[in-house]
Amino acid sequence: MITPRKSADRGRTKIEWLDSRHSFSFGDYYDEKQMGFRALRVINEDRVRAAAGFPTHGHRDMEIITYILEGALEHKDSLGTGSVIRPGEAQRMSAGSGITHSEFNHSKTEPVHFLQIWITPSTRGIAAGYEQKTIDESKSHGGFAPVGAPEGSDRSVTIHQDATLSVAKLEGGQTVAANLKKGRHGWVQVARGAVTVNGTALAEGDGAAISDEEKLTIVANVPAEVLFFDLA
């Protein structure tokens with residue numbers, strides 16, 4: 001079963017420096033039918049204007065993954081970490097027992113466009129942590145490259161949950177397959193372009209919850225960038 005979550009139906013926060021689309025309930029946007037999917041709690045598509053961003057604020061007991069589409073995002077946190085995240089990289093911050101951080105557009109002239117993803121951890125109160133990895137572009141072009149997994153790797157961040165995240169960058173007409181073991185669930189998020197997933201059409205910004213489908217065939221109708229979550 002594939003249940004689309006259309007881009008136009010997402011919640012929205014639009015203020016002077018931020019335009020954010022919420023696949024699930026977040027902030028002032030609340031829909032009791034859209035509280036997440038399995039351990040996946042938040043997918044926000046954010047656009048932040050030049051030289052602006054989120055001032056220092058706190059989180060607890062959440063795995064927060066940042067995936068950059070365009071531009072660069074500067075991160076600082078209470079662990080003493082300071083970094084800039086760019087396309088082709090992924091950042092994971094484990095809020096765990098508590099962390100504060102800020103996120104600002106690194107550019108003084110260009111906007112930054114990114115996805116922020118929250119996954120509920122399997123254990124509460126773990127030590128807060130941070131890591132940033134470069135995604136294997138040789139695997140993502142025409143196939144799925146790992147972005148995050150419970151065990152992590154030198155090219156993917158560690159997620160403290162039974163969940164994996166992969167990305168594929170496809171040319172128009174290209175096909176990529178994904179498998180789900182029996183009892184597993186999936187979520188597809190179209191970051192760019194348009195695809196069909198087992199015949200279900202998804203456009204840019206659309207997502208889809210997937211259950212009781214052991215094999216997925218994803219066809220790019222135009223050049224596309226697709227994130228795929230494999231969830232317990």
# chains A, B, ... in the order shown; residues from 1 in each chain; ligands from 1
call {"tool": "residues_around", "arguments": {"residues": "Thr81 of chain A", "least_positions_apart": "6", "cutoff": "10 Å", "atoms": "only C-alpha atoms", "output": "NGL selection string"}}
result
:A and (75 or 101 or 129-131)
call {"tool": "closest_atom_pairs", "arguments": {"of": "segment 73-154 of chain A", "to": "segment 17-34 of chain A", "cutoff": "12 Å", "atoms": "only C-alpha atoms", "output": "Markdown table"}}
result
| residue | atom | partner | partner_atom | distance |
| --- | --- | --- | --- | --- |
| A:Phe104 | CA | A:Trp17 | CA | 10.7 |
| A:Asn105 | CA | A:Trp17 | CA | 10.2 |
| A:Pro111 | CA | A:Trp17 | CA | 9.5 |
| A:Val112 | CA | A:Leu18 | CA | 10.0 |
| A:His113 | CA | A:Asp19 | CA | 9.5 |
| A:Phe114 | CA | A:Ser20 | CA | 9.7 |
| A:Leu115 | CA | A:Ser20 | CA | 9.5 |
| A:Gln116 | CA | A:His22 | CA | 9.8 |
| A:Ile117 | CA | A:Ser23 | CA | 10.1 |
| A:Trp118 | CA | A:Phe24 | CA | 10.4 |
call {"tool": "residues_around", "arguments": {"residues": "Arg38 of chain A", "least_positions_apart": "4", "cutoff": "8 Å", "atoms": "only C-alpha atoms", "output": "list in words"}}
result
His185, Leu231 and Ala232 of chain A
call {"tool": "write_last_selection", "arguments": {"atoms": "C-alpha atoms", "output": "tab-separated table (two decimals), in the first residue's frame"}}
result
chain	number	residue	atom	x	y	z
A	185	HIS	CA	7.78	0.08	6.18
A	231	LEU	CA	11.62	1.82	8.93
A	232	ALA	CA	10.68	-0.80	11.53
call {"tool": "residues_around", "arguments": {"residues": "Pro4 of chain A", "least_positions_apart": "6", "cutoff": "9 Å", "atoms": "only C-alpha atoms", "output": "VMD selection string"}}
result
chain A and resid 200 to 202 206 to 210
call {"tool": "closest_residue", "arguments": {"among": "A:Asn179, A:Ser102, A:Ser166, A:Asn221", "to": "Glu204 of chain A", "atoms": "only C-alpha atoms"}}
result
A:Asn221
call {"tool": "closest_residue", "arguments": {"among": "A:Ala145, A:Val195, A:Ala178, A:Ile43", "to": "Arg10 of chain A", "atoms": "only C-alpha atoms"}}
result
A:Ile43
call {"tool": "closest_residue", "arguments": {"among": "A:Thr100, A:Gln189, A:Thr164, A:Ala51", "to": "Ser7 of chain A", "atoms": "only C-alpha atoms"}}
result
A:Gln189
call {"tool": "atom_distance", "arguments": {"atom1": "atom CA of Ile64 of chain A", "atom2": "atom CA of Gln132 of chain A"}}
result
11.6 Å
call {"tool": "atom_distance", "arguments": {"atom1": "atom CA of His57 of chain A", "atom2": "atom CA of Asn44 of chain A"}}
result
16.8 Å
call {"tool": "select_by_dssp", "arguments": {"residues": "chain A", "states": "strand (DSSP E)", "output": "PyMOL selection string"}}
result
chain A and resi 2-5+11-14+18-22+40-48+53-59+63-70+73-77+82-85+89-94+99-105+112-119+129-134+144-149+157-158+163-170+175-179+185-192+194-197+200-203+207-211+215-220+224-231
call {"tool": "atom_distance", "arguments": {"atom1": "atom CA of Ala191 of chain A", "atom2": "atom CA of Asp61 of chain A"}}
result
26.0 Å
call {"tool": "residues_around", "arguments": {"residues": "Glu63 of chain A", "least_positions_apart": "5", "cutoff": "12 Å", "atoms": "only C-alpha atoms", "output": "MDAnalysis selection string"}}
result
chainID A and resid 39:42 91:99 116:131 148:150 157:163
call {"tool": "closest_residue", "arguments": {"among": "A:Gly193, A:Glu89, A:Ser211, A:Lys169", "to": "Arg155 of chain A", "atoms": "only C-alpha atoms"}}
result
A:Glu89
call {"tool": "decode", "arguments": {"residues": "segment 134-205 of chain A", "atoms": "C-alpha atoms", "output": "tab-separated table (two decimals), in the first residue's frame"}}
result
chain	number	residue	atom	x	y	z
A	134	THR	CA	30.17	13.09	2.88
A	135	ILE	CA	27.69	10.98	0.91
A	136	ASP	CA	29.11	8.57	-1.67
A	137	GLU	CA	28.20	10.37	-4.90
A	138	SER	CA	29.41	7.43	-7.00
A	139	LYS	CA	26.56	5.36	-5.54
A	140	SER	CA	23.85	8.02	-5.46
A	141	HIS	CA	23.97	8.75	-9.20
A	142	GLY	CA	21.68	6.12	-10.67
A	143	GLY	CA	21.30	4.15	-7.44
A	144	PHE	CA	20.84	4.46	-3.71
A	145	ALA	CA	23.70	5.69	-1.52
A	146	PRO	CA	23.50	5.37	2.28
A	147	VAL	CA	22.96	8.60	4.20
A	148	GLY	CA	22.28	7.20	7.67
A	149	ALA	CA	21.94	3.81	9.36
A	150	PRO	CA	22.03	2.30	12.87
A	151	GLU	CA	25.65	1.21	12.43
A	152	GLY	CA	26.78	4.24	10.40
A	153	SER	CA	29.93	4.09	8.24
A	154	ASP	CA	32.66	6.33	6.90
A	155	ARG	CA	30.15	7.67	4.34
A	156	SER	CA	26.91	7.64	6.37
A	157	VAL	CA	25.85	9.01	9.75
A	158	THR	CA	24.76	6.87	12.69
A	159	ILE	CA	21.04	6.84	13.51
A	160	HIS	CA	20.13	5.61	17.00
A	161	GLN	CA	17.04	3.81	15.74
A	162	ASP	CA	16.20	0.80	13.57
A	163	ALA	CA	15.96	3.02	10.51
A	164	THR	CA	18.04	3.67	7.41
A	165	LEU	CA	18.06	6.61	5.02
A	166	SER	CA	19.35	6.52	1.44
A	167	VAL	CA	19.37	8.95	-1.49
A	168	ALA	CA	19.24	8.44	-5.25
A	169	LYS	CA	19.89	11.02	-7.96
A	170	LEU	CA	18.33	9.92	-11.22
A	171	GLU	CA	18.28	11.13	-14.80
A	172	GLY	CA	14.95	11.20	-16.59
A	173	GLY	CA	13.94	7.66	-17.51
A	174	GLN	CA	16.26	5.98	-15.01
A	175	THR	CA	14.89	3.30	-12.69
A	176	VAL	CA	16.06	2.28	-9.23
A	177	ALA	CA	14.76	-0.55	-7.07
A	178	ALA	CA	14.42	-0.80	-3.31
A	179	ASN	CA	13.41	-3.79	-1.20
A	180	LEU	CA	11.58	-3.90	2.11
A	181	LYS	CA	11.73	-7.01	4.24
A	182	LYS	CA	8.42	-8.43	5.41
A	183	GLY	CA	7.01	-6.30	8.23
A	184	ARG	CA	9.15	-3.28	7.33
A	185	HIS	CA	7.78	0.08	6.18
A	186	GLY	CA	9.10	2.76	3.89
A	187	TRP	CA	8.82	6.45	3.20
A	188	VAL	CA	9.79	8.08	-0.09
A	189	GLN	CA	10.42	11.84	-0.21
A	190	VAL	CA	10.89	13.54	-3.58
A	191	ALA	CA	13.40	16.33	-3.02
A	192	ARG	CA	13.51	17.32	-6.71
A	193	GLY	CA	11.84	16.29	-9.92
A	194	ALA	CA	9.06	13.74	-10.33
A	195	VAL	CA	8.91	9.95	-10.10
A	196	THR	CA	6.52	7.04	-10.05
A	197	VAL	CA	6.74	4.49	-7.24
A	198	ASN	CA	5.15	1.19	-8.22
A	199	GLY	CA	3.01	3.23	-10.59
A	200	THR	CA	2.06	5.94	-8.07
A	201	ALA	CA	3.01	9.41	-9.34
A	202	LEU	CA	4.93	11.69	-6.96
A	203	ALA	CA	6.02	15.23	-7.77
A	204	GLU	CA	8.62	17.49	-6.14
A	205	GLY	CA	7.87	17.93	-2.45
